[in-house]
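Chemist: Dropping in model.csv, with CSV, C-alpha atoms and all ligand atoms.
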chain,number,residue,atom,x,y,z
A,1,MET,CA,17.2,-0.9,-9.8
A,2,SER,CA,13.5,-0.2,-10.0
A,3,LEU,CA,10.1,-1.8,-9.9
A,4,ASP,CA,8.8,-1.6,-13.4
A,5,VAL,CA,5.2,-2.3,-14.5
A,6,ALA,CA,4.8,-2.1,-18.3
A,7,SER,CA,1.7,-2.2,-20.5
A,8,VAL,CA,-0.3,-4.3,-17.9
A,9,ARG,CA,-3.8,-5.1,-19.0
A,10,PHE,CA,-6.3,-7.1,-17.0
A,11,ALA,CA,-10.0,-8.0,-17.2
A,12,TYR,CA,-12.4,-9.8,-14.8
A,13,ARG,CA,-14.2,-12.0,-17.3
A,14,ARG,CA,-14.9,-9.5,-20.1
A,15,THR,CA,-14.8,-6.3,-18.0
A,16,PRO,CA,-11.5,-4.5,-18.6
A,17,VAL,CA,-10.1,-3.2,-15.3
A,18,LEU,CA,-6.5,-2.2,-16.2
A,19,GLU,CA,-6.0,-0.8,-19.7
A,20,GLY,CA,-2.3,-0.7,-20.2
A,21,VAL,CA,-0.7,0.5,-17.0
A,22,ASP,CA,2.9,1.7,-16.9
A,23,LEU,CA,4.8,2.8,-13.8
A,24,ARG,CA,8.2,2.8,-12.4
A,25,VAL,CA,9.2,3.1,-8.7
A,26,ALA,CA,12.9,3.7,-8.0
A,27,GLU,CA,14.6,1.4,-5.5
A,28,GLY,CA,14.0,2.8,-2.0
A,29,GLY,CA,11.1,4.8,-3.3
A,30,PHE,CA,7.7,5.1,-1.5
A,31,CYS,CA,4.9,5.3,-4.1
A,32,ALA,CA,1.3,6.0,-3.4
A,33,LEU,CA,-1.2,4.3,-5.6
A,34,LEU,CA,-4.3,6.5,-5.6
A,35,GLY,CA,-7.7,6.7,-7.3
A,36,PRO,CA,-11.4,6.4,-6.6
A,37,ASN,CA,-13.1,3.2,-5.6
A,38,GLY,CA,-12.9,0.7,-8.4
A,39,SER,CA,-10.1,2.4,-10.3
A,40,GLY,CA,-8.0,-0.7,-10.2
A,41,LYS,CA,-5.5,-0.2,-7.3
A,42,SER,CA,-6.1,-3.5,-5.6
A,43,THR,CA,-6.1,-5.4,-8.9
A,44,LEU,CA,-2.7,-3.9,-9.8
A,45,THR,CA,-1.2,-4.7,-6.4
A,46,LYS,CA,-2.5,-8.3,-6.8
A,47,ILE,CA,-0.9,-8.6,-10.2
A,48,ILE,CA,2.5,-7.5,-8.8
A,49,ALA,CA,1.9,-9.9,-5.9
A,50,ARG,CA,1.0,-12.7,-8.4
A,51,VAL,CA,-2.4,-13.2,-6.8
A,52,LEU,CA,-3.7,-12.5,-10.3
A,53,SER,CA,-2.1,-12.9,-13.7
A,54,PRO,CA,-2.4,-10.1,-16.3
A,55,ALA,CA,-3.8,-10.6,-19.7
A,56,SER,CA,-0.6,-8.9,-21.0
A,57,GLY,CA,2.3,-6.8,-19.9
A,58,THR,CA,5.3,-7.3,-17.6
A,59,VAL,CA,6.4,-6.7,-14.0
A,60,SER,CA,10.1,-6.6,-13.3
A,61,PHE,CA,12.4,-5.6,-10.5
A,62,GLY,CA,16.0,-4.7,-11.4
A,63,GLY,CA,15.3,-6.1,-14.8
A,64,ARG,CA,14.3,-9.5,-13.4
A,65,ASP,CA,10.9,-10.7,-14.7
A,66,LEU,CA,8.9,-11.1,-11.5
A,67,LEU,CA,5.9,-12.8,-13.2
A,68,ALA,CA,8.0,-15.6,-14.7
A,69,ALA,CA,10.3,-16.2,-11.7
A,70,PRO,CA,9.7,-19.3,-9.6
A,71,ARG,CA,7.2,-18.6,-6.8
A,72,ARG,CA,9.8,-18.9,-4.0
A,73,GLU,CA,12.1,-16.5,-5.8
A,74,HIS,CA,9.2,-14.0,-6.3
A,75,ALA,CA,8.4,-14.3,-2.5
A,76,ARG,CA,12.0,-13.5,-1.6
A,77,VAL,CA,11.6,-10.2,-3.5
A,78,VAL,CA,8.0,-9.2,-3.0
A,79,ALA,CA,5.9,-9.1,0.1
A,80,TYR,CA,2.2,-8.3,0.0
A,81,VAL,CA,0.0,-6.9,2.7
A,82,PRO,CA,-3.6,-7.6,1.5
A,83,GLN,CA,-6.6,-5.5,2.6
A,84,SER,CA,-7.5,-8.2,5.0
A,85,GLY,CA,-6.1,-11.7,5.3
A,86,ALA,CA,-7.6,-15.1,5.9
A,87,THR,CA,-5.4,-16.6,8.5
A,88,PRO,CA,-6.2,-19.6,10.6
A,89,PHE,CA,-7.6,-18.2,13.8
A,90,GLU,CA,-6.0,-20.7,16.1
A,91,GLN,CA,-2.5,-19.4,15.1
A,92,THR,CA,-0.8,-17.1,17.5
A,93,VAL,CA,0.6,-13.7,16.4
A,94,ARG,CA,4.1,-15.1,16.5
A,95,GLU,CA,3.2,-18.1,14.3
A,96,ALA,CA,1.4,-15.9,11.8
A,97,VAL,CA,4.4,-13.6,11.5
A,98,LEU,CA,6.7,-16.6,11.1
A,99,LEU,CA,4.8,-17.4,7.8
A,100,GLY,CA,6.7,-14.4,6.4
A,101,ARG,CA,9.9,-16.4,6.7
A,102,THR,CA,8.6,-19.2,4.5
A,103,PRO,CA,10.5,-18.3,1.4
A,104,HIS,CA,13.8,-18.2,3.4
A,105,ILE,CA,13.4,-21.2,5.7
A,106,GLY,CA,15.1,-24.5,5.1
A,107,LEU,CA,13.8,-27.5,7.0
A,108,ARG,CA,12.8,-25.6,10.1
A,109,PRO,CA,13.1,-22.0,11.3
A,110,THR,CA,16.5,-21.0,12.7
A,111,ARG,CA,17.2,-18.8,15.7
A,112,ARG,CA,17.8,-16.0,13.2
A,113,ASP,CA,14.3,-16.5,11.7
A,114,TRP,CA,12.8,-16.2,15.1
A,115,GLU,CA,14.8,-13.1,15.8
A,116,THR,CA,13.6,-11.5,12.6
A,117,VAL,CA,10.0,-12.5,13.6
A,118,ASP,CA,10.3,-10.9,17.0
A,119,ALA,CA,11.9,-7.8,15.6
A,120,ALA,CA,9.0,-7.3,13.2
A,121,ILE,CA,6.5,-8.0,16.0
A,122,GLU,CA,8.2,-5.3,18.1
A,123,ARG,CA,8.3,-2.8,15.3
A,124,LEU,CA,4.6,-3.1,14.9
A,125,GLY,CA,4.0,-2.7,18.6
A,126,LEU,CA,2.7,-6.2,19.0
A,127,SER,CA,5.1,-7.7,21.6
A,128,GLU,CA,2.5,-7.9,24.3
A,129,LEU,CA,0.2,-9.8,22.0
A,130,ALA,CA,2.8,-12.2,20.5
A,131,ASP,CA,1.3,-15.3,22.1
A,132,ARG,CA,-2.3,-14.4,21.6
A,133,PRO,CA,-4.4,-16.3,19.1
A,134,LEU,CA,-5.4,-14.2,16.1
A,135,SER,CA,-9.1,-14.9,17.0
A,136,GLN,CA,-8.6,-12.6,20.0
A,137,LEU,CA,-7.3,-9.6,18.1
A,138,SER,CA,-9.1,-6.4,17.0
A,139,GLY,CA,-9.3,-5.6,13.3
A,140,GLY,CA,-6.5,-3.1,13.6
A,141,GLN,CA,-4.2,-5.4,15.5
A,142,ALA,CA,-4.8,-8.1,12.9
A,143,GLN,CA,-3.9,-5.6,10.2
A,144,ARG,CA,-0.6,-4.9,12.0
A,145,VAL,CA,0.1,-8.6,12.1
A,146,LEU,CA,-0.1,-8.7,8.3
A,147,ILE,CA,2.3,-5.9,8.1
A,148,ALA,CA,4.7,-7.6,10.6
A,149,ARG,CA,4.5,-10.8,8.5
A,150,ALA,CA,5.5,-8.8,5.4
A,151,LEU,CA,8.4,-7.2,7.1
A,152,ALA,CA,9.6,-10.5,8.5
A,153,GLN,CA,9.8,-11.6,4.9
A,154,ARG,CA,12.6,-9.1,4.4
A,155,PRO,CA,11.5,-8.2,0.9
A,156,ARG,CA,13.0,-5.9,-1.7
A,157,VAL,CA,9.5,-4.8,-2.7
A,158,LEU,CA,6.7,-4.1,-0.2
A,159,LEU,CA,3.2,-3.9,-1.5
A,160,LEU,CA,0.5,-2.7,0.8
A,161,ASP,CA,-3.2,-2.6,-0.1
A,162,GLU,CA,-4.9,0.0,2.1
A,163,PRO,CA,-2.9,-1.1,5.1
A,164,THR,CA,-4.2,1.7,7.3
A,165,SER,CA,-7.9,1.3,6.7
A,166,ALA,CA,-8.6,-0.4,10.0
A,167,LEU,CA,-6.0,1.5,12.0
A,168,ASP,CA,-6.7,4.3,14.5
A,169,LEU,CA,-4.9,7.6,13.9
A,170,ARG,CA,-1.8,6.8,15.9
A,171,TYR,CA,-1.2,3.5,14.1
A,172,GLN,CA,-2.0,5.0,10.7
A,173,ILE,CA,0.8,7.5,11.2
A,174,GLU,CA,3.1,5.0,12.8
A,175,THR,CA,2.6,2.5,10.0
A,176,LEU,CA,3.3,5.1,7.3
A,177,GLN,CA,6.4,6.4,9.2
A,178,LEU,CA,7.5,2.8,9.5
A,179,VAL,CA,7.2,2.1,5.8
A,180,ARG,CA,9.0,5.4,5.1
A,181,ALA,CA,11.8,4.3,7.4
A,182,VAL,CA,12.1,0.9,5.8
A,183,THR,CA,12.4,2.5,2.4
A,184,ARG,CA,15.0,5.0,3.5
A,185,GLU,CA,17.1,2.8,5.8
A,186,GLU,CA,16.9,-0.5,4.0
A,187,GLY,CA,16.3,0.6,0.4
A,188,VAL,CA,13.0,-1.4,0.2
A,189,THR,CA,10.8,-0.2,-2.6
A,190,ALA,CA,7.2,0.3,-1.4
A,191,LEU,CA,3.9,0.7,-3.3
A,192,ILE,CA,0.9,1.5,-1.2
A,193,ALA,CA,-2.7,1.7,-2.3
A,194,ILE,CA,-4.2,4.4,-0.1
A,195,HIS,CA,-7.2,6.8,-0.1
A,196,ASP,CA,-5.9,9.6,2.0
A,197,LEU,CA,-4.3,12.1,-0.5
A,198,ASN,CA,-2.7,14.2,2.3
A,199,HIS,CA,-1.1,11.2,4.0
A,200,ALA,CA,0.2,10.2,0.5
A,201,ALA,CA,1.6,13.7,-0.1
A,202,HIS,CA,3.2,13.8,3.3
A,203,PHE,CA,4.9,10.3,3.4
A,204,CYS,CA,5.4,9.3,-0.2
A,205,ASP,CA,7.8,10.6,-2.8
A,206,GLN,CA,5.8,9.5,-5.7
A,207,ALA,CA,2.0,9.5,-6.4
A,208,VAL,CA,0.4,7.5,-9.2
A,209,LEU,CA,-3.2,8.3,-9.8
A,210,LEU,CA,-5.4,5.7,-11.5
A,211,ASP,CA,-8.7,6.4,-13.1
A,212,GLY,CA,-10.7,3.7,-14.9
A,213,GLY,CA,-7.7,1.5,-15.1
A,214,ARG,CA,-5.4,4.1,-16.6
A,215,VAL,CA,-2.6,6.2,-15.1
A,216,VAL,CA,-3.7,9.8,-15.3
A,217,ALA,CA,-0.9,11.4,-13.1
A,218,ASP,CA,2.5,10.2,-12.0
A,219,GLY,CA,5.2,12.2,-10.2
A,220,PRO,CA,6.2,13.7,-6.9
A,221,PRO,CA,2.9,14.6,-5.1
A,222,SER,CA,3.6,18.3,-5.3
A,223,GLU,CA,3.6,18.0,-9.1
A,224,ALA,CA,1.2,15.1,-9.6
A,225,PHE,CA,-1.6,16.7,-7.5
A,226,ASP,CA,-3.5,19.0,-9.9
A,227,ALA,CA,-6.8,20.4,-8.7
A,228,ALA,CA,-8.5,20.1,-12.1
A,229,VAL,CA,-7.4,16.5,-12.6
A,230,LEU,CA,-8.3,15.4,-9.0
A,231,SER,CA,-11.7,17.2,-9.2
A,232,ARG,CA,-12.5,15.4,-12.4
A,233,VAL,CA,-11.2,11.9,-11.3
A,234,TYR,CA,-13.0,12.0,-7.9
A,235,GLY,CA,-16.1,13.9,-9.2
A,236,LEU,CA,-15.7,16.4,-6.4
A,237,ASP,CA,-14.4,20.0,-6.5
A,238,VAL,CA,-11.1,20.1,-4.7
A,239,ARG,CA,-8.5,22.7,-4.0
A,240,VAL,CA,-4.7,22.0,-3.9
A,241,SER,CA,-2.5,24.3,-1.8
A,242,ARG,CA,1.3,24.3,-1.8
A,243,GLY,CA,2.9,25.6,1.3
A,244,GLU,CA,6.1,25.1,3.4
A,245,THR,CA,4.7,21.9,4.8
A,246,GLY,CA,4.1,20.5,1.3
A,247,VAL,CA,1.1,20.0,-0.8
A,248,GLU,CA,-2.4,19.7,0.7
A,249,VAL,CA,-5.7,18.7,-0.9
A,250,ARG,CA,-9.1,19.9,0.5
A,251,PRO,CA,-12.6,19.4,-0.8
A,252,ALA,CA,-13.9,22.9,-1.8
A,253,ALA,CA,-17.0,22.2,0.2
A,254,LEU,CA,-15.0,21.9,3.4
A,255,GLU,CA,-13.3,25.3,2.8
A,256,THR,CA,-16.8,26.8,2.9
A,257,VAL,CA,-17.6,25.1,6.1
A,258,THR,CA,-14.3,26.2,7.7
A,259,GLY,CA,-15.0,29.7,6.6
A,260,VAL,CA,-18.4,29.8,8.2
A,261,SER,CA,-17.2,28.2,11.5
A,262,ALA,CA,-14.2,30.4,11.7
A,263,ALA,CA,-16.1,33.6,11.1
A,264,PRO,CA,-17.7,34.3,14.5
A,265,THR,CA,-15.3,35.6,17.1
A,266,GLU,CA,-15.9,35.1,20.7
A,267,SER,CA,-16.9,38.1,22.7
A,268,VAL,CA,-16.0,38.4,26.3
B,301,LIG,N1,-13.3,-10.6,-8.2
B,301,LIG,C1,-13.8,-9.7,-9.0
B,301,LIG,N2,-14.7,-10.1,-10.0
B,301,LIG,C2,-15.2,-9.1,-10.9
B,301,LIG,N3,-14.9,-7.8,-10.8
B,301,LIG,C3,-14.1,-7.4,-9.8
B,301,LIG,C4,-13.5,-8.3,-8.9
B,301,LIG,N4,-12.7,-7.6,-8.1
B,301,LIG,C5,-12.8,-6.3,-8.4
B,301,LIG,N5,-13.6,-6.2,-9.5
B,301,LIG,C6,-13.9,-5.0,-10.2
B,301,LIG,O1,-12.7,-4.5,-10.8
B,301,LIG,C7,-12.7,-3.0,-10.7
B,301,LIG,C8,-11.4,-2.6,-10.0
B,301,LIG,O2,-11.4,-3.1,-8.6
B,301,LIG,P1,-10.2,-2.8,-7.6
B,301,LIG,O3,-10.6,-3.6,-6.4
B,301,LIG,O4,-9.0,-3.1,-8.3
B,301,LIG,O5,-10.4,-1.3,-7.4
B,301,LIG,P2,-9.7,-0.4,-6.2
B,301,LIG,O6,-9.2,0.8,-6.9
B,301,LIG,O7,-8.8,-1.1,-5.4
B,301,LIG,O8,-11.0,0.0,-5.4
B,301,LIG,P3,-11.2,0.4,-3.8
B,301,LIG,O9,-10.7,1.7,-3.6
B,301,LIG,O10,-12.7,0.3,-3.7
B,301,LIG,O11,-10.5,-0.7,-3.0
B,301,LIG,C9,-13.9,-2.6,-10.0
B,301,LIG,O12,-14.9,-2.2,-10.9
B,301,LIG,C10,-14.4,-3.9,-9.3
B,301,LIG,O13,-15.8,-3.9,-9.2
Here is the file; what I need is its structure written in the form of structure tokens.
Modeler:
Amino acid sequence: MSLDVASVRFAYRRTPVLEGVDLRVAEGGFCALLGPNGSGKSTLTKIIARVLSPASGTVSFGGRDLLAAPRREHARVVAYVPQSGATPFEQTVREAVLLGRTPHIGLRPTRRDWETVDAAIERLGLSELADRPLSQLSGGQAQRVLIARALAQRPRVLLLDEPTSALDLRYQIETLQLVRAVTREEGVTALIAIHDLNHAAHFCDQAVLLDGGRVVADGPPSEAFDAAVLSRVYGLDVRVSRGETGVEVRPAALETVTGVSAAPTESV
């Protein structure tokens, strides 16, 4: 099984944004979708989530055409965490997370649905906030509710569009660890649009780099991260180092700063 995106093209009005994107994420894989602002990451995740329809191309999982499947069937396979969500503010956290169960629920939620909801709330560290209205949450807490909602959906494919952008350092790391665990333990296939190249290298086993709506690198981060390619794509001179802890990307300008600040030694 794998998530397969083939020859996907998309344009907003007449402006082409995706120019024939191909990628494959193996079942249980954790793939980072990287690229500068405006390179097409959100647009691609929205196409897989069926928020947008491509002009041409296909998206399938395990050979099943996800774009042609009935909506409910698609929602049983794919969960999508948008950059930010418009949710009715009078809803509580628990009610908002229950929405993730919609593709599975019959007439009304069962005890098992509520158990799945509460487990997702706990996993995202939201138990103490479960009965709070969304209007009383911080931006980062609201972002964690969106992730809990996606987990409650129990998808086979998890799409996350910059899910850590509003999170503090602890929750950034915990969220990435959580997605990593969900892929490893439950075989969920995850695709995450993310800006932090080093987080991508640390947590993901595949990195796909978009530039101007085209894939310009695809592979394990240690292979896909090439200093010349990254420098060209981001328009910034970067260095890539490969050590025991994995691959690391640093802007060349920061190395100079580090060198200067590290130079003086304290005298007693
Ligand atoms: N609703 C829209 N109407 C017209 N153009 C759009 C719309 N949404 C995005 N675009 C354009 O499509 C291109 C790709 O945008 P997209 O949001 O997919 O990029 P991204 O890689 O996710 O960027 P970022 O890192 O800033 O989130 C950009 O040039 C953007 O200006």
Chemist: Which residues of segment 51-152 of chain A come within 7 Å of segment 1-16 of chain A, and what is each one's closest atom pair and distance in Å (one decimal), counting only C-alpha atoms, sorted by chain and residue number, as a tab-separated table?
Modeler:
residue	atom	partner	partner_atom	distance
A:Pro54	CA	A:Phe10	CA	5.0
A:Ala55	CA	A:Phe10	CA	5.1
A:Ser56	CA	A:Arg9	CA	5.4
A:Gly57	CA	A:Val8	CA	4.1
A:Thr58	CA	A:Ala6	CA	5.3
A:Val59	CA	A:Val5	CA	4.6
A:Ser60	CA	A:Asp4	CA	5.2
A:Phe61	CA	A:Leu3	CA	4.5
A:Gly62	CA	A:Met1	CA	4.3
Chemist: Please identify the residues whose atoms come within 9 Å of ligand LIG 301 (chain B), using only C-alpha atoms and all ligand atoms, and report them as JSON, numbers by chain.
Modeler: {"A": [11, 12, 13, 15, 16, 17, 18, 33, 34, 35, 36, 37, 38, 39, 40, 41, 42, 43, 44, 45, 46, 83, 161, 162, 193, 194, 195, 210, 211, 212, 213]}
Chemist: Quick one, how far is atom CA of Ser138 of chain A from atom CA of Asp118 of chain A?
Modeler: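 If I compute the distance from atom CA of Ser138 of chain A to atom CA of Asp118 of chain A, I get 19.9 Å.
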Chemist: Quick one: contact table of segment 126-146 of chain A to segment 94-114 of chain A, 10 Å max, nearest atom pair and distance in Å to one decimal per residue, counting all atoms listed in the file, chain and number order, as a Markdown table?
Modeler:
| residue | atom | partner | partner_atom | distance |
| --- | --- | --- | --- | --- |
| A:Leu126 | CA | A:Arg94 | CA | 9.3 |
| A:Ser127 | CA | A:Arg94 | CA | 9.0 |
| A:Leu129 | CA | A:Arg94 | CA | 8.6 |
| A:Ala130 | CA | A:Arg94 | CA | 5.1 |
| A:Asp131 | CA | A:Arg94 | CA | 6.3 |
| A:Arg132 | CA | A:Arg94 | CA | 8.2 |
| A:Pro133 | CA | A:Arg94 | CA | 9.0 |
| A:Leu134 | CA | A:Ala96 | CA | 8.2 |
| A:Val145 | CA | A:Val97 | CA | 6.6 |
| A:Leu146 | CA | A:Val97 | CA | 7.4 |
Chemist: Write the residues you've just listed into a file as a CSV table (one decimal), in the coordinates of the input, and include C-alpha atoms for each of them.
Modeler:
chain,number,residue,atom,x,y,z
A,126,LEU,CA,2.7,-6.2,19.0
A,127,SER,CA,5.1,-7.7,21.6
A,129,LEU,CA,0.2,-9.8,22.0
A,130,ALA,CA,2.8,-12.2,20.5
A,131,ASP,CA,1.3,-15.3,22.1
A,132,ARG,CA,-2.3,-14.4,21.6
A,133,PRO,CA,-4.4,-16.3,19.1
A,134,LEU,CA,-5.4,-14.2,16.1
A,145,VAL,CA,0.1,-8.6,12.1
A,146,LEU,CA,-0.1,-8.7,8.3
Chemist: As a ChimeraX atom specification, please: the residues near segment 199-208 of chain A (cut-off 9 Å, all atoms listed in the file, same-chain neighbours under 6 positions excluded).
Modeler: /A:23,25,29-35,173,176-177,179-180,192,215-222,224-225,245-249
Chemist: Tell me which of A:Ala150, A:Ile48, A:Ala252, A:Ile121 sits closest to Leu230 of chain A, counting all atoms listed in the file.
Modeler: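 Checking each of A:Ala150, A:Ile48, A:Ala252, A:Ile121 against Leu230 of chain A, counting all atoms listed in the file, the winner is A:Ala252.
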Chemist: Atoms are missing here; could segment 95-110 of chain A be completed with N, CA and C atoms and written as a PDB file, in the frame of the given file?
Modeler:
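Output (result00.pdb):
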ATOM      1  N   GLU A  95       3.259 -17.120  15.396  1.00  0.00           N
ATOM      2  CA  GLU A  95       3.200 -18.100  14.300  1.00  0.00           C
ATOM      3  C   GLU A  95       2.807 -17.530  13.006  1.00  0.00           C
ATOM      4  N   ALA A  96       1.864 -16.581  13.080  1.00  0.00           N
ATOM      5  CA  ALA A  96       1.400 -15.900  11.800  1.00  0.00           C
ATOM      6  C   ALA A  96       2.521 -15.126  11.202  1.00  0.00           C
ATOM      7  N   VAL A  97       3.301 -14.435  12.038  1.00  0.00           N
ATOM      8  CA  VAL A  97       4.400 -13.600  11.500  1.00  0.00           C
ATOM      9  C   VAL A  97       5.509 -14.510  10.950  1.00  0.00           C
ATOM     10  N   LEU A  98       5.684 -15.671  11.571  1.00  0.00           N
ATOM     11  CA  LEU A  98       6.700 -16.600  11.100  1.00  0.00           C
ATOM     12  C   LEU A  98       6.446 -17.032   9.632  1.00  0.00           C
ATOM     13  N   LEU A  99       5.172 -17.009   9.234  1.00  0.00           N
ATOM     14  CA  LEU A  99       4.800 -17.400   7.800  1.00  0.00           C
ATOM     15  C   LEU A  99       5.587 -16.496   6.844  1.00  0.00           C
ATOM     16  N   GLY A 100       5.902 -15.265   7.265  1.00  0.00           N
ATOM     17  CA  GLY A 100       6.700 -14.400   6.400  1.00  0.00           C
ATOM     18  C   GLY A 100       8.059 -14.927   6.087  1.00  0.00           C
ATOM     19  N   ARG A 101       8.557 -15.808   6.942  1.00  0.00           N
ATOM     20  CA  ARG A 101       9.900 -16.400   6.700  1.00  0.00           C
ATOM     21  C   ARG A 101       9.891 -17.532   5.743  1.00  0.00           C
ATOM     22  N   THR A 102       8.698 -18.006   5.358  1.00  0.00           N
ATOM     23  CA  THR A 102       8.600 -19.200   4.500  1.00  0.00           C
ATOM     24  C   THR A 102       9.535 -19.253   3.338  1.00  0.00           C
ATOM     25  N   PRO A 103       9.651 -18.174   2.550  1.00  0.00           N
ATOM     26  CA  PRO A 103      10.500 -18.300   1.400  1.00  0.00           C
ATOM     27  C   PRO A 103      12.012 -18.428   1.725  1.00  0.00           C
ATOM     28  N   HIS A 104      12.366 -18.175   2.992  1.00  0.00           N
ATOM     29  CA  HIS A 104      13.800 -18.200   3.400  1.00  0.00           C
ATOM     30  C   HIS A 104      14.134 -19.459   4.183  1.00  0.00           C
ATOM     31  N   ILE A 105      13.126 -20.105   4.765  1.00  0.00           N
ATOM     32  CA  ILE A 105      13.400 -21.200   5.700  1.00  0.00           C
ATOM     33  C   ILE A 105      13.755 -22.474   5.005  1.00  0.00           C
ATOM     34  N   GLY A 106      14.715 -23.179   5.580  1.00  0.00           N
ATOM     35  CA  GLY A 106      15.100 -24.500   5.100  1.00  0.00           C
ATOM     36  C   GLY A 106      14.105 -25.520   5.633  1.00  0.00           C
ATOM     37  N   LEU A 107      14.641 -26.459   6.420  1.00  0.00           N
ATOM     38  CA  LEU A 107      13.800 -27.500   7.000  1.00  0.00           C
ATOM     39  C   LEU A 107      12.959 -26.961   8.151  1.00  0.00           C
ATOM     40  N   ARG A 108      13.577 -26.175   8.980  1.00  0.00           N
ATOM     41  CA  ARG A 108      12.800 -25.600  10.100  1.00  0.00           C
ATOM     42  C   ARG A 108      13.432 -24.193  10.402  1.00  0.00           C
ATOM     43  N   PRO A 109      12.646 -23.342  11.081  1.00  0.00           N
ATOM     44  CA  PRO A 109      13.100 -22.000  11.300  1.00  0.00           C
ATOM     45  C   PRO A 109      14.382 -22.010  12.237  1.00  0.00           C
ATOM     46  N   THR A 110      15.321 -21.142  11.929  1.00  0.00           N
ATOM     47  CA  THR A 110      16.500 -21.000  12.700  1.00  0.00           C
ATOM     48  C   THR A 110      16.309 -19.949  13.802  1.00  0.00           C
TER      49      THR A 110
END
